[in-house]
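One file, run12.cif, is given below (mmCIF, C-alpha atoms, pLDDT in the B column; chains and numbers go by the auth columns).
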data_data
loop_
_atom_site.group_PDB
_atom_site.id
_atom_site.type_symbol
_atom_site.label_atom_id
_atom_site.label_comp_id
_atom_site.label_asym_id
_atom_site.label_seq_id
_atom_site.Cartn_x
_atom_site.Cartn_y
_atom_site.Cartn_z
_atom_site.B_iso_or_equiv
_atom_site.auth_seq_id
_atom_site.auth_asym_id
ATOM 1 C CA MET A 1 111.640 49.348 133.746 95.00 1410 X
ATOM 2 C CA ARG A 2 111.791 52.856 132.278 98.00 1411 X
ATOM 3 C CA VAL A 3 111.213 55.653 134.808 98.00 1412 X
ATOM 4 C CA LEU A 4 111.045 59.365 134.011 98.00 1413 X
ATOM 5 C CA GLN A 5 111.839 62.114 136.490 98.00 1414 X
ATOM 6 C CA ILE A 6 110.012 65.383 135.895 98.00 1415 X
ATOM 7 C CA THR A 7 110.906 68.130 138.330 98.00 1416 X
ATOM 8 C CA ASP A 8 110.425 71.794 139.165 98.00 1417 X
ATOM 9 C CA PRO A 9 107.813 72.811 136.583 98.00 1418 X
ATOM 10 C CA HIS A 10 106.678 75.777 138.748 98.00 1419 X
ATOM 11 C CA LEU A 11 103.195 75.886 137.238 98.00 1420 X
ATOM 12 C CA MET A 12 100.758 78.643 138.157 98.00 1421 X
ATOM 13 C CA ALA A 13 97.005 79.116 138.220 98.00 1422 X
ATOM 14 C CA ASP A 14 97.433 81.661 135.436 98.00 1423 X
ATOM 15 C CA PRO A 15 97.854 79.692 132.172 97.00 1424 X
ATOM 16 C CA ASP A 16 100.278 82.398 131.001 97.00 1425 X
ATOM 17 C CA GLY A 17 102.242 82.409 134.237 98.00 1426 X
ATOM 18 C CA ALA A 18 105.963 82.902 133.624 97.00 1427 X
ATOM 19 C CA LEU A 19 109.166 82.508 135.608 97.00 1428 X
ATOM 20 C CA LEU A 20 111.930 84.923 134.566 96.00 1429 X
ATOM 21 C CA GLY A 21 110.280 85.296 131.172 96.00 1430 X
ATOM 22 C CA VAL A 22 109.628 81.588 130.580 97.00 1431 X
ATOM 23 C CA LYS A 23 105.987 80.488 130.445 98.00 1432 X
ATOM 24 C CA THR A 24 106.121 77.447 132.663 98.00 1433 X
ATOM 25 C CA ARG A 25 103.155 75.603 131.165 98.00 1434 X
ATOM 26 C CA ASP A 26 104.637 76.005 127.695 98.00 1435 X
ATOM 27 C CA SER A 27 108.037 74.732 128.761 98.00 1436 X
ATOM 28 C CA LEU A 28 106.501 71.719 130.528 98.00 1437 X
ATOM 29 C CA ASP A 29 104.429 71.003 127.419 98.00 1438 X
ATOM 30 C CA ALA A 30 107.618 71.049 125.336 98.00 1439 X
ATOM 31 C CA VAL A 31 109.380 68.637 127.702 98.00 1440 X
ATOM 32 C CA ILE A 32 106.428 66.244 127.781 98.00 1441 X
ATOM 33 C CA ALA A 33 106.112 66.332 123.984 98.00 1442 X
ATOM 34 C CA HIS A 34 109.810 65.458 123.753 97.00 1443 X
ATOM 35 C CA ALA A 35 109.382 62.558 126.173 98.00 1444 X
ATOM 36 C CA GLN A 36 106.305 61.268 124.364 97.00 1445 X
ATOM 37 C CA ALA A 37 108.190 61.272 121.059 97.00 1446 X
ATOM 38 C CA ASP A 38 110.560 58.653 122.467 96.00 1447 X
ATOM 39 C CA PRO A 39 109.504 55.209 121.199 95.00 1448 X
ATOM 40 C CA ARG A 40 110.327 53.779 124.620 95.00 1449 X
ATOM 41 C CA ALA A 41 107.287 54.610 126.732 96.00 1450 X
ATOM 42 C CA PRO A 42 107.821 55.063 130.479 98.00 1451 X
ATOM 43 C CA ASP A 43 106.538 52.592 133.035 98.00 1452 X
ATOM 44 C CA PHE A 44 106.442 55.176 135.831 98.00 1453 X
ATOM 45 C CA ILE A 45 106.936 58.920 136.378 98.00 1454 X
ATOM 46 C CA LEU A 46 108.469 60.550 139.436 98.00 1455 X
ATOM 47 C CA ALA A 47 107.541 64.202 140.037 98.00 1456 X
ATOM 48 C CA THR A 48 110.031 65.592 142.525 98.00 1457 X
ATOM 49 C CA GLY A 49 108.661 68.867 143.751 97.00 1458 X
ATOM 50 C CA ASP A 50 107.972 72.510 142.997 98.00 1459 X
ATOM 51 C CA LEU A 51 105.154 71.315 140.797 98.00 1460 X
ATOM 52 C CA ALA A 52 103.500 74.675 141.450 98.00 1461 X
ATOM 53 C CA GLN A 53 105.022 78.110 141.910 98.00 1462 X
ATOM 54 C CA ASP A 54 101.904 79.484 143.600 98.00 1463 X
ATOM 55 C CA ALA A 55 100.816 76.322 145.489 98.00 1464 X
ATOM 56 C CA SER A 56 97.398 76.498 143.816 98.00 1465 X
ATOM 57 C CA GLU A 57 95.034 73.618 143.180 98.00 1466 X
ATOM 58 C CA THR A 58 94.594 74.879 139.629 98.00 1467 X
ATOM 59 C CA ALA A 59 98.310 74.457 139.007 98.00 1468 X
ATOM 60 C CA TYR A 60 98.293 70.905 140.412 98.00 1469 X
ATOM 61 C CA GLN A 61 95.328 69.948 138.274 98.00 1470 X
ATOM 62 C CA ALA A 62 97.092 71.400 135.233 98.00 1471 X
ATOM 63 C CA PHE A 63 100.097 69.225 136.054 98.00 1472 X
ATOM 64 C CA ALA A 64 97.889 66.154 136.390 98.00 1473 X
ATOM 65 C CA ALA A 65 96.241 66.888 133.042 98.00 1474 X
ATOM 66 C CA ARG A 66 99.622 66.962 131.347 98.00 1475 X
ATOM 67 C CA LEU A 67 100.752 63.680 132.878 97.00 1476 X
ATOM 68 C CA GLY A 68 97.483 62.234 131.606 96.00 1477 X
ATOM 69 C CA GLY A 69 99.122 62.067 128.191 94.00 1478 X
ATOM 70 C CA PHE A 70 101.191 59.131 129.439 97.00 1479 X
ATOM 71 C CA SER A 71 99.692 55.678 129.947 96.00 1480 X
ATOM 72 C CA CYS A 72 101.592 54.979 133.172 97.00 1481 X
ATOM 73 C CA PRO A 73 101.190 55.868 136.860 98.00 1482 X
ATOM 74 C CA SER A 74 103.114 58.584 138.660 98.00 1483 X
ATOM 75 C CA ALA A 75 104.097 59.626 142.179 98.00 1484 X
ATOM 76 C CA TRP A 76 104.481 63.203 143.408 98.00 1485 X
ATOM 77 C CA VAL A 77 106.304 64.798 146.336 98.00 1486 X
ATOM 78 C CA ALA A 78 106.404 68.415 147.455 98.00 1487 X
ATOM 79 C CA GLY A 79 109.076 71.053 147.057 98.00 1488 X
ATOM 80 C CA ASN A 80 109.539 74.352 148.847 98.00 1489 X
ATOM 81 C CA HIS A 81 107.087 76.212 146.580 98.00 1490 X
ATOM 82 C CA ASP A 82 104.371 73.613 147.084 98.00 1491 X
ATOM 83 C CA ASP A 83 101.633 73.223 149.650 98.00 1492 X
ATOM 84 C CA SER A 84 102.420 69.669 150.717 98.00 1493 X
ATOM 85 C CA ALA A 85 98.941 68.814 152.028 98.00 1494 X
ATOM 86 C CA LEU A 86 97.161 70.234 148.979 98.00 1495 X
ATOM 87 C CA LEU A 87 99.604 68.562 146.599 98.00 1496 X
ATOM 88 C CA GLN A 88 99.014 65.192 148.268 98.00 1497 X
ATOM 89 C CA SER A 89 95.255 65.740 148.139 98.00 1498 X
ATOM 90 C CA VAL A 90 95.310 66.404 144.397 98.00 1499 X
ATOM 91 C CA ALA A 91 97.828 63.604 143.848 98.00 1500 X
ATOM 92 C CA GLY A 92 95.436 61.262 145.639 98.00 1501 X
ATOM 93 C CA GLN A 93 92.704 62.151 143.161 98.00 1502 X
ATOM 94 C CA HIS A 94 95.013 60.881 140.407 98.00 1503 X
ATOM 95 C CA ASN A 95 96.423 57.856 142.262 97.00 1504 X
ATOM 96 C CA ALA A 96 99.784 59.641 142.455 98.00 1505 X
ATOM 97 C CA ASP A 97 100.201 59.842 146.237 97.00 1506 X
ATOM 98 C CA HIS A 98 102.128 56.579 146.694 96.00 1507 X
ATOM 99 C CA ARG A 99 105.448 57.035 148.445 97.00 1508 X
ATOM 100 C CA GLN A 100 106.654 53.434 148.540 98.00 1509 X
ATOM 101 C CA ILE A 101 106.748 51.889 145.088 98.00 1510 X
ATOM 102 C CA LEU A 102 107.839 48.357 144.165 97.00 1511 X
ATOM 103 C CA LEU A 103 108.652 48.328 140.483 94.00 1512 X
ATOM 104 C CA GLY A 104 110.654 46.026 138.237 93.00 1513 X
ATOM 105 C CA GLY A 105 112.647 44.470 141.045 96.00 1514 X
ATOM 106 C CA TRP A 106 113.368 47.858 142.673 98.00 1515 X
ATOM 107 C CA GLN A 107 111.944 49.794 145.584 98.00 1516 X
ATOM 108 C CA ILE A 108 111.451 53.560 145.181 98.00 1517 X
ATOM 109 C CA VAL A 109 110.925 55.625 148.332 98.00 1518 X
ATOM 110 C CA MET A 110 109.574 59.171 147.978 98.00 1519 X
ATOM 111 C CA LEU A 111 110.333 61.562 150.858 98.00 1520 X
ATOM 112 C CA ASP A 112 108.744 64.920 151.646 98.00 1521 X
ATOM 113 C CA SER A 113 111.610 67.286 152.496 98.00 1522 X
ATOM 114 C CA SER A 114 109.517 70.457 152.281 98.00 1523 X
ATOM 115 C CA VAL A 115 109.240 72.857 155.224 98.00 1524 X
ATOM 116 C CA HIS A 116 106.174 75.096 155.343 95.00 1525 X
ATOM 117 C CA LYS A 117 107.000 78.569 153.985 93.00 1526 X
ATOM 118 C CA LYS A 118 110.758 77.877 153.992 97.00 1527 X
ATOM 119 C CA VAL A 119 113.123 77.419 151.058 97.00 1528 X
ATOM 120 C CA HIS A 120 115.429 74.895 152.711 98.00 1529 X
ATOM 121 C CA GLY A 121 114.597 71.252 153.243 98.00 1530 X
ATOM 122 C CA TYR A 122 114.316 69.118 156.365 98.00 1531 X
ATOM 123 C CA LEU A 123 113.267 65.511 156.878 98.00 1532 X
ATOM 124 C CA ALA A 124 111.032 65.268 159.922 98.00 1533 X
ATOM 125 C CA GLY A 125 111.436 62.335 162.262 98.00 1534 X
ATOM 126 C CA HIS A 126 108.428 60.546 160.787 98.00 1535 X
ATOM 127 C CA GLU A 127 109.933 60.852 157.295 98.00 1536 X
ATOM 128 C CA LEU A 128 113.210 59.296 158.433 98.00 1537 X
ATOM 129 C CA ALA A 129 111.270 56.560 160.249 98.00 1538 X
ATOM 130 C CA PHE A 130 109.262 55.925 157.070 98.00 1539 X
ATOM 131 C CA LEU A 131 112.485 55.623 155.079 98.00 1540 X
ATOM 132 C CA ASP A 132 113.945 53.208 157.616 98.00 1541 X
ATOM 133 C CA GLN A 133 110.784 51.095 157.637 98.00 1542 X
ATOM 134 C CA CYS A 134 110.568 50.888 153.840 98.00 1543 X
ATOM 135 C CA LEU A 135 114.187 49.867 153.467 98.00 1544 X
ATOM 136 C CA ALA A 136 114.008 47.376 156.329 98.00 1545 X
ATOM 137 C CA GLU A 137 111.011 45.679 154.716 98.00 1546 X
ATOM 138 C CA HIS A 138 112.944 44.871 151.532 98.00 1547 X
ATOM 139 C CA PRO A 139 116.633 44.477 152.469 98.00 1548 X
ATOM 140 C CA ASP A 140 117.492 42.509 149.341 97.00 1549 X
ATOM 141 C CA THR A 141 115.734 44.784 146.848 98.00 1550 X
ATOM 142 C CA PRO A 142 117.803 47.537 145.192 98.00 1551 X
ATOM 143 C CA ALA A 143 116.422 50.900 146.265 98.00 1552 X
ATOM 144 C CA MET A 144 116.188 54.455 144.963 98.00 1553 X
ATOM 145 C CA VAL A 145 115.391 57.261 147.402 98.00 1554 X
ATOM 146 C CA SER A 146 113.882 60.424 145.968 98.00 1555 X
ATOM 147 C CA LEU A 147 113.236 63.852 147.490 98.00 1556 X
ATOM 148 C CA HIS A 148 113.174 67.500 146.447 98.00 1557 X
ATOM 149 C CA HIS A 149 116.120 69.083 148.257 98.00 1558 X
ATOM 150 C CA HIS A 150 119.777 68.312 147.617 98.00 1559 X
ATOM 151 C CA PRO A 151 121.397 66.296 150.425 98.00 1560 X
ATOM 152 C CA VAL A 152 124.991 67.096 149.368 98.00 1561 X
ATOM 153 C CA THR A 153 127.054 70.138 148.451 96.00 1562 X
ATOM 154 C CA VAL A 154 126.543 70.954 144.778 96.00 1563 X
ATOM 155 C CA GLY A 155 129.224 73.580 144.191 94.00 1564 X
ATOM 156 C CA SER A 156 126.978 76.666 144.053 94.00 1565 X
ATOM 157 C CA GLY A 157 127.495 78.952 147.038 94.00 1566 X
ATOM 158 C CA TRP A 158 124.035 80.494 147.109 95.00 1567 X
ATOM 159 C CA MET A 159 122.410 77.051 147.201 95.00 1568 X
ATOM 160 C CA GLU A 160 124.215 75.734 150.267 94.00 1569 X
ATOM 161 C CA ASP A 161 121.737 77.160 152.786 95.00 1570 X
ATOM 162 C CA ILE A 162 118.683 76.016 150.837 97.00 1571 X
ATOM 163 C CA GLY A 163 119.468 72.314 150.635 98.00 1572 X
ATOM 164 C CA LEU A 164 118.556 69.574 153.089 98.00 1573 X
ATOM 165 C CA HIS A 165 119.461 70.882 156.542 98.00 1574 X
ATOM 166 C CA ASN A 166 119.580 67.561 158.378 98.00 1575 X
ATOM 167 C CA ARG A 167 121.583 65.729 155.753 98.00 1576 X
ATOM 168 C CA ASP A 168 123.734 63.979 158.350 98.00 1577 X
ATOM 169 C CA ALA A 169 120.677 62.212 159.771 98.00 1578 X
ATOM 170 C CA PHE A 170 119.592 61.318 156.252 98.00 1579 X
ATOM 171 C CA TRP A 171 122.937 59.806 155.332 98.00 1580 X
ATOM 172 C CA GLN A 172 123.171 57.913 158.600 98.00 1581 X
ATOM 173 C CA MET A 173 119.911 56.254 157.637 97.00 1582 X
ATOM 174 C CA ILE A 174 121.052 55.541 154.086 98.00 1583 X
ATOM 175 C CA ASP A 175 124.335 54.086 155.323 97.00 1584 X
ATOM 176 C CA ARG A 176 122.403 51.561 157.424 97.00 1585 X
ATOM 177 C CA HIS A 177 120.881 50.018 154.300 98.00 1586 X
ATOM 178 C CA ALA A 178 123.373 48.664 151.783 97.00 1587 X
ATOM 179 C CA GLN A 179 120.708 48.067 149.115 98.00 1588 X
ATOM 180 C CA VAL A 180 120.326 51.801 148.384 98.00 1589 X
ATOM 181 C CA ARG A 181 121.756 52.358 144.915 98.00 1590 X
ATOM 182 C CA VAL A 182 120.525 55.844 144.056 98.00 1591 X
ATOM 183 C CA VAL A 183 119.480 59.125 145.661 98.00 1592 X
ATOM 184 C CA LEU A 184 117.548 61.353 143.242 98.00 1593 X
ATOM 185 C CA TRP A 185 116.383 64.946 143.660 98.00 1594 X
ATOM 186 C CA GLY A 186 115.330 68.195 141.972 98.00 1595 X
ATOM 187 C CA HIS A 187 115.502 71.769 143.385 98.00 1596 X
ATOM 188 C CA ILE A 188 118.874 72.747 141.905 98.00 1597 X
ATOM 189 C CA HIS A 189 117.575 73.170 138.325 98.00 1598 X
ATOM 190 C CA GLN A 190 120.639 71.549 136.794 97.00 1599 X
ATOM 191 C CA GLU A 191 122.133 68.168 135.978 97.00 1600 X
ATOM 192 C CA LEU A 192 124.347 66.338 138.443 97.00 1601 X
ATOM 193 C CA ASP A 193 125.654 62.767 138.309 98.00 1602 X
ATOM 194 C CA CYS A 194 128.251 61.631 140.838 97.00 1603 X
ATOM 195 C CA TYR A 195 128.787 59.188 143.692 97.00 1604 X
ATOM 196 C CA ARG A 196 128.957 59.130 147.452 97.00 1605 X
ATOM 197 C CA GLY A 197 130.626 55.817 148.119 96.00 1606 X
ATOM 198 C CA ASP A 198 128.555 53.224 146.238 96.00 1607 X
ATOM 199 C CA VAL A 199 125.443 55.423 146.095 98.00 1608 X
ATOM 200 C CA ARG A 200 124.816 57.250 142.843 98.00 1609 X
ATOM 201 C CA LEU A 201 123.698 60.869 143.260 98.00 1610 X
ATOM 202 C CA LEU A 202 121.455 62.294 140.565 98.00 1611 X
ATOM 203 C CA ALA A 203 119.870 65.700 140.059 98.00 1612 X
ATOM 204 C CA THR A 204 117.875 66.799 137.053 98.00 1613 X
ATOM 205 C CA PRO A 205 117.178 69.976 135.073 98.00 1614 X
ATOM 206 C CA SER A 206 113.927 71.811 135.632 98.00 1615 X
ATOM 207 C CA THR A 207 111.188 71.733 133.042 98.00 1616 X
ATOM 208 C CA CYS A 208 111.409 75.559 133.057 98.00 1617 X
ATOM 209 C CA ILE A 209 114.446 77.719 133.943 98.00 1618 X
ATOM 210 C CA GLN A 210 117.972 76.433 134.631 98.00 1619 X
ATOM 211 C CA PHE A 211 120.364 77.657 137.323 97.00 1620 X
ATOM 212 C CA THR A 212 123.980 78.207 136.331 96.00 1621 X
ATOM 213 C CA SER A 213 126.081 75.372 137.740 94.00 1622 X
ATOM 214 C CA GLY A 214 129.009 76.376 139.950 94.00 1623 X
ATOM 215 C CA SER A 215 127.730 79.940 140.391 95.00 1624 X
ATOM 216 C CA ARG A 216 128.485 81.611 143.730 94.00 1625 X
ATOM 217 C CA GLU A 217 125.526 83.980 143.366 96.00 1626 X
ATOM 218 C CA PHE A 218 122.066 83.375 141.918 95.00 1627 X
ATOM 219 C CA ALA A 219 122.334 83.049 138.140 95.00 1628 X
ATOM 220 C CA VAL A 220 120.400 81.408 135.327 96.00 1629 X
ATOM 221 C CA GLU A 221 121.618 80.155 131.980 96.00 1630 X
ATOM 222 C CA GLU A 222 119.963 79.669 128.614 95.00 1631 X
ATOM 223 C CA LYS A 223 119.871 75.896 128.640 97.00 1632 X
ATOM 224 C CA ALA A 224 116.756 74.144 127.399 98.00 1633 X
ATOM 225 C CA PRO A 225 114.297 72.561 129.839 98.00 1634 X
ATOM 226 C CA GLY A 226 114.601 68.839 130.324 98.00 1635 X
ATOM 227 C CA TYR A 227 113.874 65.618 132.183 98.00 1636 X
ATOM 228 C CA ARG A 228 115.715 62.465 133.238 98.00 1637 X
ATOM 229 C CA TRP A 229 115.139 58.886 132.109 98.00 1638 X
ATOM 230 C CA LEU A 230 116.209 55.940 134.241 98.00 1639 X
ATOM 231 C CA ASP A 231 116.295 52.283 133.213 98.00 1640 X
ATOM 232 C CA LEU A 232 116.125 50.051 136.288 97.00 1641 X
ATOM 233 C CA HIS A 233 117.402 46.483 135.910 97.00 1642 X
ATOM 234 C CA PRO A 234 116.311 43.767 138.366 94.00 1643 X
ATOM 235 C CA ASP A 235 119.921 43.035 139.288 94.00 1644 X
ATOM 236 C CA GLY A 236 120.411 46.581 140.609 95.00 1645 X
ATOM 237 C CA ARG A 237 122.047 48.073 137.539 96.00 1646 X
ATOM 238 C CA LEU A 238 120.946 51.548 136.476 97.00 1647 X
ATOM 239 C CA GLU A 239 121.236 53.374 133.182 98.00 1648 X
ATOM 240 C CA THR A 240 120.235 57.022 133.065 98.00 1649 X
ATOM 241 C CA GLY A 241 120.553 60.241 131.133 98.00 1650 X
ATOM 242 C CA VAL A 242 119.096 63.711 130.688 98.00 1651 X
ATOM 243 C CA ARG A 243 117.204 64.864 127.626 98.00 1652 X
ATOM 244 C CA ARG A 244 116.252 68.427 126.791 98.00 1653 X
ATOM 245 C CA ALA A 245 113.581 70.010 124.621 98.00 1654 X
ATOM 246 C CA LEU A 246 116.118 71.751 122.395 97.00 1655 X
ATOM 247 C CA ASP A 247 113.472 73.041 119.998 96.00 1656 X
ATOM 248 C CA PHE A 248 111.710 75.046 122.721 97.00 1657 X
ATOM 249 C CA THR A 249 112.306 78.778 122.240 95.00 1658 X
ATOM 250 C CA PHE A 250 112.175 81.192 125.154 94.00 1659 X
ATOM 251 C CA ASP A 251 113.297 84.655 126.221 93.00 1660 X
ATOM 252 C CA LEU A 252 115.020 84.228 129.577 95.00 1661 X
ATOM 253 C CA ASP A 253 115.749 87.161 131.873 92.00 1662 X
ATOM 254 C CA VAL A 254 119.419 86.323 132.426 90.00 1663 X
ATOM 255 C CA ASN A 255 119.954 89.470 134.506 89.00 1664 X
ATOM 256 C CA SER A 256 117.592 88.419 137.266 90.00 1665 X
ATOM 257 C CA THR A 257 118.957 88.156 140.799 87.00 1666 X
ATOM 258 C CA GLY A 258 116.199 85.858 142.040 86.00 1667 X
ATOM 259 C CA TYR A 259 112.511 85.009 141.740 84.00 1668 X
#

Serialized structure, structure tokens:
Amino acid sequence: MRVLQITDPHLMADPDGALLGVKTRDSLDAVIAHAQADPRAPDFILATGDLAQDASETAYQAFAARLGGFSCPSAWVAGNHDDSALLQSVAGQHNADHRQILLGGWQIVMLDSSVHKKVHGYLAGHELAFLDQCLAEHPDTPAMVSLHHHPVTVGSGWMEDIGLHNRDAFWQMIDRHAQVRVVLWGHIHQELDCYRGDVRLLATPSTCIQFTSGSREFAVEEKAPGYRWLDLHPDGRLETGVRRALDFTFDLDVNSTGY
């Protein structure tokens, strides 16, 4: 099964809304056009947060309209810039509010790590209980767990306080379930592919601006927007990679100290 991860588009109610000089609807359009040009069509799309910059219904509907160009279902979870309840309401209108997905011999669990009006992430007790329940229901099915915030150190000093704050509780839960193969997230606006024990850790570029990897202070770099593809095999094998819309032109404010 081919799954796409699209993350951190930061759309706005204003069609010309821009983040550090990059019009976020235009950059998302470029990424989606790139994905649609691939002869291998996706079977599912995971949208892993910060779908809107302004938490507006207009932005969520604009996101839904763009995913409408694919002929497959999707599932959305909130990031720190989103309004979780509103996002889930709009997602429900488009059958994209599922958080436990059985697909191609895999289970995908989507977790809401957003904290109202905070940048950092936290998994409430009911989210951890939901994760435990989902994994316990299918102990022999390879699993991928997806959320917005990074649950590990990523090597950028300024990001350490804005990741998942209760990561120890999260990993204790993951360690109880040996079928978890992958943890996937957004938020860090850059590519990451490494391991924690037998669990593969994956993060994905934003469809708009990219943060400079390894930077101690906030910094952005002129890398093209992108997305991740994942091929899930029934035996638990995973193939994955990142693709970028290299033909998208933009004028990034590289001197910005935040947004």

Just to confirm, what's the straight-line distance from atom CA of X:Asp1491 to atom CA of X:Glu1466 in Å (one decimal)? 10.1 Å

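Selecting by distance to (122.0, 71.3, 139.9) with a limit of 7 Å and using all atoms listed in the file, one obtains X:Val1563, X:Ile1597, X:His1598, X:Gln1599, X:Glu1600, X:Leu1601, X:Ala1612, X:Thr1613, X:Pro1614, X:Ser1622.
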
Calculated over only C-alpha atoms, which of the candidates X:Ser1436, X:Ser1493, X:Thr1616, X:Ser1565 has the smallest distance to X:Asp1417?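 Checking each of X:Ser1436, X:Ser1493, X:Thr1616, X:Ser1565 against X:Asp1417, counting only C-alpha atoms, the winner is X:Thr1616.
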
Given only C-alpha atoms as the basis, pick out the residue of X:Thr1658, X:Asn1575, X:Thr1621, X:Ser1555 nearest to X:Ile1510.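 For X:Ile1510, the nearest of the candidates is X:Ser1555.
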
Quick one: of X:Gln1445, X:Asn1489, X:Gln1509, X:Asn1664, who's nearest to X:Gln1542, counting all atoms listed in the file?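 Closest to X:Gln1542, using all atoms listed in the file: X:Gln1509.
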
From the set X:Arg1652, X:Arg1590, X:Arg1625, X:Lys1432, which residue has the shortest atom-to-atom contact distance to X:Thr1550, counting all atoms listed in the file?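 Smallest separation from X:Thr1550 among the options: X:Arg1590.
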
Which protein, DNA or RNA residues have an atom at most 7 Å from (114.2, 69.1, 129.5), counting only C-alpha atoms? List them as a VMD selection string. chain X and resid 1440 1614 to 1616 1633 to 1636 1652 to 1654

Would you save the residues from that selection as a PDB file, in the coordinates of the input, using C-alpha atoms?
ATOM      1  CA  VAL X1440     109.380  68.637 127.702  1.00 98.00           C
ATOM      2  CA  PRO X1614     117.178  69.976 135.073  1.00 98.00           C
ATOM      3  CA  SER X1615     113.927  71.811 135.632  1.00 98.00           C
ATOM      4  CA  THR X1616     111.188  71.733 133.042  1.00 98.00           C
ATOM      5  CA  ALA X1633     116.756  74.144 127.399  1.00 98.00           C
ATOM      6  CA  PRO X1634     114.297  72.561 129.839  1.00 98.00           C
ATOM      7  CA  GLY X1635     114.601  68.839 130.324  1.00 98.00           C
ATOM      8  CA  TYR X1636     113.874  65.618 132.183  1.00 98.00           C
ATOM      9  CA  ARG X1652     117.204  64.864 127.626  1.00 98.00           C
ATOM     10  CA  ARG X1653     116.252  68.427 126.791  1.00 98.00           C
ATOM     11  CA  ALA X1654     113.581  70.010 124.621  1.00 98.00           C
TER      12      ALA X1654
END

When you draw a straight line from atom CA of X:Ala1427 to atom CA of X:Gly1572, how long is it in Å? 24.2 Å

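Minimum atom-to-atom distances from X:Val1591, X:Leu1460, X:Leu1512, X:Ala1578 to X:Gly1488 were compared using all atoms listed in the file, and the lowest value belongs to X:Leu1460.
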
Got a sec: who's within 9 Å of stretch 1514-1531 of chain X, counting all atoms listed in the file, leaving out chain neighbours fewer than 4 positions off, as a VMD selection string? chain X and resid 1410 1455 1457 to 1458 1484 to 1493 1507 to 1510 1536 to 1537 1539 to 1540 1543 to 1544 1547 1550 to 1560 1570 to 1576 1641 to 1645

Separation of atom CA of X:Gly1534 from atom CA of X:Leu1413, in Å and rounded to one decimal: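 Between atom CA of X:Gly1534 and atom CA of X:Leu1413 the gap works out to 28.4 Å.
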
How big is the axis-aligned box, and where does its centre sit, when it encloses all atoms of stretch 1432-1451 of chain X listed in the file and has 8 Å added on every side, reported in Å to one decimal as lines of an AutoDock Vina configuration file?
center_x = 106.9
center_y = 67.1
center_z = 126.9
size_x = 23.4
size_y = 42.7
size_z = 27.6
